[in-house]
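A short worksheet on the structure shown next.
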Amino acid sequence: MMRFLRRLVALCFASLQIPSSVAFSNLSTAARSIFSRHRIDSLQLKMAPPKFCEVCGKPTIMRVPDGDERERACCSDTTCGFISYQNPKVVVGAICSYESKILLCKRAIEPCIGKWGYPQGFMELGETTREGAAREALEEAGATLNPRDAKLLAVYNLAGSQVQMIFAAPLTNDEMKRGIESEEVGLFSWDEIPWDDLAFPTVQWALEYARDNILPSGDMAPNLVPQQRTKAYFGEEWGVVEDM
């Protein structure tokens, strides 16, 4: 059951990564105001609420709990009273470098099986964002990095349903071994990266930003400002807004 739920979330993740048909960079104040008015459409994109209580198994009902202002899936058994809160998922990723080369993994699972990207995935309970990024590198590529060395490179918001935090970090060595979610892993120079065969638009965004900000030594450019982008649904089209 847990594997099914993870697959369902992953497919939702893929749907949010559909290539944008409209780019909204360098918006004026008026244009940003328009975006703010339309943002509500994106925030209404969400998974169906659970039909049964996670605690006691009784059916749920949609209502506004006391002290709240949004409808939530609430247990129909008042003696239980459990409230299910649906919140955006947090994805952590790591663009790892070693001697001027970048670690990439070829995906062995959907979505985007056979496409390339850096190690990334959903955070687990009990870990920090940097620890999560290091864990993903180890799980997907058998690669080791020190979470303390991870520097925040980018933050991407996807339709109010997901937040991605992408870090850049040097690898402690060049040892690697593909994990169960990867077909292949390897170190690539910037010219060798399969730019036309990347898994998601956010992968390309982060890699391009890293290319412009990771020094040959593997250190980040001084005074780096993390890239911030929001991908939202504007009526009938997806659009991207620079949040910087």
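By convention here, the chains of the structure tokens are called A, B, ... in the order presented, each chain's residues are numbered starting at 1, and ligands are numbered starting at 1 in the order presented.
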
(request) Report the residues of stretch 11-195 of chain A whose backbone DSSP state falls under helix (DSSP H, G or I), written as a ChimeraX atom specification. (result) /A:11-15,29-43,129-141,147-149,195

(message) Report as an MDAnalysis selection string all protein, DNA and RNA residues lying within 12 Å of stretch 171-175 of chain A, evaluated on only C-alpha atoms, omitting residues in the same chain fewer than 5 positions from it.
(response) chainID A and resid 94:103 134 137:138 141:150 185:188 217:219

Please provide the set of residues having any atom within 8 Å of A:Ser84, restricted to only C-alpha atoms, with same-chain residues fewer than 2 positions apart removed, written as a JSON list (two decimals) with C-alpha atoms, in the first residue's frame.
[["chain", "number", "residue", "atom", "x", "y", "z"],
["A", 50, "PRO", "CA", -8.87, 10.89, 2.34],
["A", 53, "CYS", "CA", -9.89, 8.51, 9.07],
["A", 54, "GLU", "CA", -6.18, 7.71, 9.40],
["A", 72, "ARG", "CA", -10.65, 19.74, 6.04],
["A", 73, "ALA", "CA", -11.33, 16.02, 5.96],
["A", 74, "CYS", "CA", -12.54, 15.39, 9.51],
["A", 82, "PHE", "CA", -9.02, 13.50, 13.89],
["A", 86, "GLN", "CA", -3.23, 18.41, 3.38]]

(request) Using backbone DSSP assignments, extract all strand (DSSP E or B) residues from stretch 21-200 of chain A; output them as an MDAnalysis selection string. (result) chainID A and resid 22:24 52 59:63 72:75 83:84 89:98 101:107 116:117 120:122 145 151:158 162:171 182:188 198

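Near A:Met123, within 12 Å and counting only C-alpha atoms, sit Pro88, Lys89, Val90, Val91, Val92, Gly93, Glu127, Thr128, Thr129, Arg130, Glu131, Gly132, Ala133, Ala134, Arg135, Glu136, Gln162, Val163, Gln164, Met165 and Ile166 of chain A, not including residues fewer than 4 positions from it in the same chain.
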
Put those residues in a file: N, CA and C atoms, as a PDB file, in the first residue's frame.
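Done, and the output landed in again.pdb:
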ATOM      1  N   PRO A  88       1.576  21.062   1.205  1.00  0.00           N
ATOM      2  CA  PRO A  88       2.520  20.795   0.114  1.00  0.00           C
ATOM      3  C   PRO A  88       3.615  19.813   0.528  1.00  0.00           C
ATOM      4  N   LYS A  89       4.038  18.994  -0.406  1.00  0.00           N
ATOM      5  CA  LYS A  89       5.145  18.080  -0.182  1.00  0.00           C
ATOM      6  C   LYS A  89       6.471  18.823  -0.359  1.00  0.00           C
ATOM      7  N   VAL A  90       7.469  18.433   0.391  1.00  0.00           N
ATOM      8  CA  VAL A  90       8.792  19.042   0.278  1.00  0.00           C
ATOM      9  C   VAL A  90       9.725  18.060  -0.430  1.00  0.00           C
ATOM     10  N   VAL A  91      10.302  18.514  -1.542  1.00  0.00           N
ATOM     11  CA  VAL A  91      11.277  17.728  -2.300  1.00  0.00           C
ATOM     12  C   VAL A  91      12.657  18.330  -2.069  1.00  0.00           C
ATOM     13  N   VAL A  92      13.635  17.474  -1.818  1.00  0.00           N
ATOM     14  CA  VAL A  92      15.019  17.939  -1.647  1.00  0.00           C
ATOM     15  C   VAL A  92      15.886  17.275  -2.702  1.00  0.00           C
ATOM     16  N   GLY A  93      16.836  18.025  -3.208  1.00  0.00           N
ATOM     17  CA  GLY A  93      17.730  17.496  -4.233  1.00  0.00           C
ATOM     18  C   GLY A  93      19.129  18.031  -4.053  1.00  0.00           C
ATOM     19  N   GLU A 127      14.419  14.295   9.445  1.00  0.00           N
ATOM     20  CA  GLU A 127      15.647  14.759   8.829  1.00  0.00           C
ATOM     21  C   GLU A 127      15.515  16.218   8.429  1.00  0.00           C
ATOM     22  N   THR A 128      16.647  16.902   8.340  1.00  0.00           N
ATOM     23  CA  THR A 128      16.666  18.266   7.834  1.00  0.00           C
ATOM     24  C   THR A 128      16.693  18.224   6.315  1.00  0.00           C
ATOM     25  N   THR A 129      16.498  19.383   5.690  1.00  0.00           N
ATOM     26  CA  THR A 129      16.519  19.419   4.225  1.00  0.00           C
ATOM     27  C   THR A 129      17.882  18.996   3.684  1.00  0.00           C
ATOM     28  N   ARG A 130      18.962  19.449   4.325  1.00  0.00           N
ATOM     29  CA  ARG A 130      20.302  19.078   3.871  1.00  0.00           C
ATOM     30  C   ARG A 130      20.560  17.587   4.077  1.00  0.00           C
ATOM     31  N   GLU A 131      20.115  17.055   5.201  1.00  0.00           N
ATOM     32  CA  GLU A 131      20.261  15.621   5.439  1.00  0.00           C
ATOM     33  C   GLU A 131      19.466  14.826   4.409  1.00  0.00           C
ATOM     34  N   GLY A 132      18.291  15.326   4.057  1.00  0.00           N
ATOM     35  CA  GLY A 132      17.483  14.648   3.049  1.00  0.00           C
ATOM     36  C   GLY A 132      18.164  14.630   1.693  1.00  0.00           C
ATOM     37  N   ALA A 133      18.783  15.754   1.316  1.00  0.00           N
ATOM     38  CA  ALA A 133      19.492  15.814   0.042  1.00  0.00           C
ATOM     39  C   ALA A 133      20.669  14.837   0.028  1.00  0.00           C
ATOM     40  N   ALA A 134      21.385  14.749   1.147  1.00  0.00           N
ATOM     41  CA  ALA A 134      22.511  13.809   1.243  1.00  0.00           C
ATOM     42  C   ALA A 134      22.016  12.370   1.172  1.00  0.00           C
ATOM     43  N   ARG A 135      20.883  12.090   1.816  1.00  0.00           N
ATOM     44  CA  ARG A 135      20.319  10.734   1.787  1.00  0.00           C
ATOM     45  C   ARG A 135      19.931  10.351   0.356  1.00  0.00           C
ATOM     46  N   GLU A 136      19.303  11.285  -0.375  1.00  0.00           N
ATOM     47  CA  GLU A 136      18.910  10.989  -1.749  1.00  0.00           C
ATOM     48  C   GLU A 136      20.128  10.677  -2.618  1.00  0.00           C
ATOM     49  N   GLN A 162       3.737  21.653  -4.058  1.00  0.00           N
ATOM     50  CA  GLN A 162       5.063  21.097  -3.815  1.00  0.00           C
ATOM     51  C   GLN A 162       6.086  22.216  -3.709  1.00  0.00           C
ATOM     52  N   VAL A 163       7.046  22.047  -2.826  1.00  0.00           N
ATOM     53  CA  VAL A 163       8.164  22.970  -2.691  1.00  0.00           C
ATOM     54  C   VAL A 163       9.443  22.165  -2.868  1.00  0.00           C
ATOM     55  N   GLN A 164      10.288  22.600  -3.790  1.00  0.00           N
ATOM     56  CA  GLN A 164      11.560  21.922  -4.024  1.00  0.00           C
ATOM     57  C   GLN A 164      12.703  22.783  -3.491  1.00  0.00           C
ATOM     58  N   MET A 165      13.587  22.168  -2.702  1.00  0.00           N
ATOM     59  CA  MET A 165      14.779  22.843  -2.200  1.00  0.00           C
ATOM     60  C   MET A 165      15.988  22.097  -2.749  1.00  0.00           C
ATOM     61  N   ILE A 166      16.732  22.769  -3.615  1.00  0.00           N
ATOM     62  CA  ILE A 166      17.857  22.150  -4.310  1.00  0.00           C
ATOM     63  C   ILE A 166      19.163  22.722  -3.757  1.00  0.00           C
TER      64      ILE A 166
END

(request) Can you pull out every residue within 8 Å of A:Lys151, counting only C-alpha atoms, but drop anything in the same chain fewer than 2 positions away, and send it as a PyMOL selection string? (result) chain A and resi 149+153+167-169+220

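Nearest to A:Lys106 of all the residues A:Ala199, A:Val240, A:Cys56, A:Ile83 is A:Ala199, based on only C-alpha atoms.
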
(request) May I ask which of the residues A:Lys177, A:Val155, A:Trp195, A:Lys115 is the closest one to A:Glu139, counting only C-alpha atoms? (result) A:Lys177

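Taking atom CA of A:Leu207 and atom CA of A:Glu242 as endpoints, the distance between them is 16.3 Å.
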
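Put simply, atom CA of A:Thr202 is 9.5 Å away from atom CA of A:Gly117.
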
(request) Counting only C-alpha atoms, figure out which residue out of A:Gln228, A:Thr60, A:Ser189, A:Ser161 gets nearest to A:Cys80. (result) A:Thr60

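Of the residues listed (A:Trp116, A:Trp190, A:Tyr233, A:Tyr85), A:Trp190 shows the shortest atom-to-atom separation from A:Tyr209; distances use only C-alpha atoms.
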
Which residues are near A:Ser182? Cut-off 7 Å, only C-alpha atoms, ignore same chain within fewer than 6 positions. Put them as a short mmCIF file (atom, residue, chain, number, x, y, z; two decimals) with N, CA, C and O atoms, in the first residue's frame.
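Result file is out34.cif:
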data_model
loop_
_atom_site.label_atom_id
_atom_site.label_comp_id
_atom_site.auth_asym_id
_atom_site.auth_seq_id
_atom_site.Cartn_x
_atom_site.Cartn_y
_atom_site.Cartn_z
N CYS A 105 21.90 10.99 -12.45
CA CYS A 105 21.32 9.64 -12.39
C CYS A 105 20.30 9.49 -13.52
O CYS A 105 19.53 10.41 -13.80
N LYS A 106 20.31 8.33 -14.16
CA LYS A 106 19.30 8.01 -15.16
C LYS A 106 18.18 7.26 -14.46
O LYS A 106 18.40 6.21 -13.86
N ARG A 107 16.98 7.81 -14.54
CA ARG A 107 15.87 7.30 -13.74
C ARG A 107 15.43 5.90 -14.19
O ARG A 107 15.26 5.64 -15.38
N ALA A 108 15.23 5.02 -13.21
CA ALA A 108 14.76 3.66 -13.48
C ALA A 108 13.29 3.50 -13.09
O ALA A 108 12.75 2.40 -13.17
N GLU A 140 20.24 7.02 -4.36
CA GLU A 140 20.10 6.92 -5.81
C GLU A 140 21.42 6.68 -6.53
O GLU A 140 21.44 6.12 -7.62
#
